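Scroll down for the structure; my scribbles are underneath it.
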Amino acid sequence: MSESRTALVTGGARGIGVEICRQLADRGLRVLVGARRREAAAEVCHAIGPAALPLALDVGSASSVAEAVREAGELVGGGGGIDVLVNNAGVSLDGDLRPPYLDEDVLRSTLDINLVGAWRMAEAVVPGMVRAGYGRVVNLTSSYGSLALMDSGRHPAYRVSKTALNALTRMLAGELTGTGVLVNAADPGWTRSAMGGASAPRGPEVGADTPVWLATLPEGDGTTGGLFAERRPLPW
């Protein structure tokens with residue numbers, strides 16, 4: 001992977017996001033670490049090294065997304081753009097709620113980050129990828145969002161948001177066929193993080209592997225519109 005490539009990782013200052021940033025930097029990419037608090041992003045960048053740059057970014061705010069992408073252009077410089085977008089930022093707010101009971105505030109908040117936030121980022125970044133004839137978009141999802149695997153109502157708002165994100169992945173991939181921009185979804189599995197908890201069976205380095213693999217698919221690889229876990233396809 002060329003050092004001229006630039007990746008932007010949302011939610012890059014916590015859990016799996018930190019490890020995705022680290023692994024992308026190890027593969028020679030310049031990495032923009034997106035986080036709501038610039039200070040948190042800066043701490044991650046200090047640990048990774050000069051290949052990582054901090055970016056204040058709240059995917060729940062359209063104005064923050066626009067300002068972050070503008071700043072990203074200044075940080076990259078030289079007319080470069082964002083070549084890789086990893087939509088990692090996400091929330092799980094359901095608690096013990098299960099359908100048919102509904103907490104509308106929880107549902108709206110979850111959808112705004114997990115679905116609309118990723119959509120905002122794609123709208124801001126993908127047109128530049130199309131102009132450049134190259135791009136990789138990776139949406140962090142979950143097997144909980146797979147209709148084929150769905151067998152309970154646990155975490156309902158989270159599940160619905162990830163099912164919708166999967167649909168966005170498919171739509172984007174279809175729209176961008178032939179442009180050089182590949183769009184895929186990655187399930188990192190149950191991973192130790194602020195969201196996954198300390199009892200999760202796998203570390204962030206394992207959870208980050210599939211997203212990083214999809215983010216660095218080589219030119220000529222036509223893999224797009226897929227849902228993957230451990231680098232293997234999952235059913236939608």
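Here, A, B, ... name the chains of the structure tokens in the order displayed, residue numbers run from 1 inside each chain, and ligands are numbered from 1 in the same displayed order.
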
_Residues of region 80-219 of chain A classed as strand (DSSP E or B) by DSSP on the backbone are to be reported as number ranges by chain._
A: 84-87, 135-140, 181-186, 191, 193, 197, 202

Open item on the list: Neighbouring residues of Ala68 (chain A) were defined as those with any atom within 12 Å, considering only C-alpha atoms; residues of the same chain fewer than 5 positions away were excluded. Please report them as number ranges by chain.
Closed with: A: 8-10, 32-36, 38, 54-59, 61-63, 73-75, 82, 120-121, 124-125

**Report entry** One-decimal distance in Å that lies between CA of Arg14 (chain A) and CA of Ala40 (chain A)
**Finding:**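 So the answer is 8.6 Å.
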
| field | Within 12 Å of Pro233 (chain A) using only C-alpha atoms, minus same-chain residues under 2 positions, as a PyMOL selection string | value | chain A and resi 143+146+184-187+210+214+223-231+235-236

Write the residues of the selection above to a file with all heavy atoms, as a tab-separated table (two decimals), in the first residue's frame.
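Output below, filename result-v3.tsv:
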```
chain	number	residue	atom	x	y	z
A	143	SER	N	-22.93	-9.06	13.14
A	143	SER	CA	-23.81	-10.17	12.77
A	143	SER	C	-25.20	-9.97	13.38
A	143	SER	O	-26.18	-10.55	12.90
A	143	SER	CB	-23.21	-11.50	13.23
A	143	SER	OG	-23.05	-11.52	14.65
A	146	SER	N	-27.59	-8.97	10.74
A	146	SER	CA	-27.87	-9.89	9.65
A	146	SER	C	-29.28	-10.44	9.78
A	146	SER	O	-29.63	-11.07	10.79
A	146	SER	CB	-26.87	-11.06	9.66
A	146	SER	OG	-27.31	-12.10	8.82
A	184	ASN	N	-17.62	-2.20	1.45
A	184	ASN	CA	-17.90	-3.45	2.12
A	184	ASN	C	-18.22	-3.22	3.60
A	184	ASN	O	-17.92	-2.15	4.15
A	184	ASN	CB	-16.71	-4.41	2.00
A	184	ASN	CG	-16.51	-4.91	0.59
A	184	ASN	OD1	-17.27	-5.74	0.09
A	184	ASN	ND2	-15.48	-4.40	-0.09
A	185	ALA	N	-18.83	-4.22	4.21
A	185	ALA	CA	-19.15	-4.18	5.63
A	185	ALA	C	-18.33	-5.24	6.36
A	185	ALA	O	-18.13	-6.34	5.84
A	185	ALA	CB	-20.64	-4.43	5.86
A	186	ALA	N	-17.87	-4.91	7.55
A	186	ALA	CA	-17.03	-5.82	8.34
A	186	ALA	C	-17.63	-6.01	9.72
A	186	ALA	O	-17.95	-5.03	10.41
A	186	ALA	CB	-15.61	-5.27	8.46
A	187	ASP	N	-17.78	-7.26	10.12
A	187	ASP	CA	-18.19	-7.60	11.48
A	187	ASP	C	-16.93	-7.98	12.25
A	187	ASP	O	-16.32	-9.02	11.97
A	187	ASP	CB	-19.16	-8.78	11.45
A	187	ASP	CG	-19.46	-9.32	12.85
A	187	ASP	OD1	-19.22	-8.59	13.83
A	187	ASP	OD2	-19.92	-10.47	12.95
A	210	THR	N	-10.23	-7.84	9.92
A	210	THR	CA	-11.09	-7.84	8.73
A	210	THR	C	-11.34	-6.43	8.21
A	210	THR	O	-11.24	-6.20	6.99
A	210	THR	CB	-12.41	-8.57	9.02
A	210	THR	OG1	-12.11	-9.95	9.28
A	210	THR	CG2	-13.36	-8.49	7.84
A	214	LEU	N	-10.17	-5.22	4.37
A	214	LEU	CA	-11.06	-4.61	3.38
A	214	LEU	C	-10.62	-3.20	3.01
A	214	LEU	O	-10.78	-2.77	1.87
A	214	LEU	CB	-12.49	-4.58	3.92
A	214	LEU	CG	-13.18	-5.95	4.07
A	214	LEU	CD1	-14.48	-5.80	4.85
A	214	LEU	CD2	-13.43	-6.59	2.72
A	223	THR	N	-13.68	-6.94	-4.97
A	223	THR	CA	-14.55	-7.30	-3.86
A	223	THR	C	-15.34	-6.08	-3.40
A	223	THR	O	-14.77	-5.12	-2.88
A	223	THR	CB	-13.73	-7.86	-2.69
A	223	THR	OG1	-12.99	-9.00	-3.12
A	223	THR	CG2	-14.65	-8.25	-1.54
A	224	THR	N	-16.65	-6.10	-3.57
A	224	THR	CA	-17.48	-4.98	-3.14
A	224	THR	C	-18.89	-5.47	-2.86
A	224	THR	O	-19.33	-6.50	-3.38
A	224	THR	CB	-17.48	-3.86	-4.21
A	224	THR	OG1	-18.03	-2.66	-3.65
A	224	THR	CG2	-18.29	-4.26	-5.44
A	225	GLY	N	-19.57	-4.74	-1.98
A	225	GLY	CA	-20.94	-5.08	-1.64
A	225	GLY	C	-21.08	-6.31	-0.78
A	225	GLY	O	-22.13	-6.95	-0.78
A	226	GLY	N	-20.05	-6.64	0.00
A	226	GLY	CA	-20.08	-7.85	0.81
A	226	GLY	C	-20.06	-7.56	2.30
A	226	GLY	O	-19.69	-6.48	2.75
A	227	LEU	N	-20.47	-8.55	3.07
A	227	LEU	CA	-20.41	-8.54	4.52
A	227	LEU	C	-19.46	-9.65	4.94
A	227	LEU	O	-19.65	-10.81	4.56
A	227	LEU	CB	-21.81	-8.77	5.12
A	227	LEU	CG	-21.90	-9.12	6.62
A	227	LEU	CD1	-21.30	-8.00	7.46
A	227	LEU	CD2	-23.35	-9.38	7.01
A	228	PHE	N	-18.44	-9.28	5.72
A	228	PHE	CA	-17.37	-10.23	6.04
A	228	PHE	C	-17.09	-10.27	7.53
A	228	PHE	O	-17.15	-9.26	8.23
A	228	PHE	CB	-16.08	-9.84	5.31
A	228	PHE	CG	-16.19	-9.91	3.81
A	228	PHE	CD1	-16.59	-8.79	3.08
A	228	PHE	CD2	-15.91	-11.08	3.12
A	228	PHE	CE1	-16.70	-8.85	1.70
A	228	PHE	CE2	-16.02	-11.15	1.74
A	228	PHE	CZ	-16.42	-10.03	1.03
A	229	ALA	N	-16.75	-11.45	8.00
A	229	ALA	CA	-16.23	-11.66	9.35
A	229	ALA	C	-15.08	-12.65	9.25
A	229	ALA	O	-15.18	-13.65	8.54
A	229	ALA	CB	-17.31	-12.22	10.27
A	230	GLU	N	-13.99	-12.35	9.90
A	230	GLU	CA	-12.78	-13.18	9.82
A	230	GLU	C	-12.41	-13.44	8.36
A	230	GLU	O	-12.01	-14.54	7.98
A	230	GLU	CB	-12.98	-14.49	10.59
A	230	GLU	CG	-13.21	-14.26	12.07
A	230	GLU	CD	-13.41	-15.54	12.86
A	230	GLU	OE1	-13.63	-16.60	12.22
A	230	GLU	OE2	-13.32	-15.49	14.10
A	231	ARG	N	-12.57	-12.42	7.55
A	231	ARG	CA	-12.25	-12.41	6.12
A	231	ARG	C	-13.10	-13.39	5.31
A	231	ARG	O	-12.77	-13.69	4.16
A	231	ARG	CB	-10.75	-12.70	5.87
A	231	ARG	CG	-9.82	-11.71	6.56
A	231	ARG	CD	-8.42	-11.79	5.99
A	231	ARG	NE	-7.50	-10.90	6.70
A	231	ARG	CZ	-6.28	-10.60	6.28
A	231	ARG	NH1	-5.82	-11.14	5.16
A	231	ARG	NH2	-5.51	-9.79	6.97
A	235	PRO	N	-23.88	-14.07	5.65
A	235	PRO	CA	-25.15	-13.79	4.97
A	235	PRO	C	-25.75	-12.47	5.45
A	235	PRO	O	-25.62	-12.11	6.61
A	235	PRO	CB	-26.04	-14.97	5.36
A	235	PRO	CG	-25.51	-15.41	6.68
A	235	PRO	CD	-24.02	-15.19	6.61
A	236	TRP	N	-26.38	-11.77	4.53
A	236	TRP	CA	-27.03	-10.51	4.88
A	236	TRP	C	-28.28	-10.76	5.72
A	236	TRP	O	-28.73	-9.92	6.45
A	236	TRP	CB	-27.42	-9.74	3.63
A	236	TRP	CG	-26.24	-9.24	2.86
A	236	TRP	CD1	-25.77	-9.74	1.68
A	236	TRP	CD2	-25.39	-8.13	3.20
A	236	TRP	NE1	-24.68	-9.02	1.27
A	236	TRP	CE2	-24.42	-8.03	2.17
A	236	TRP	CE3	-25.34	-7.23	4.25
A	236	TRP	CZ2	-23.43	-7.05	2.17
A	236	TRP	CZ3	-24.36	-6.27	4.26
A	236	TRP	CH2	-23.41	-6.18	3.24
```

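Nearest residue to Leu165 (chain A) among A:Thr191, A:Ser199, A:Ser142, A:Ser4 is A:Ser142, counting only C-alpha atoms.
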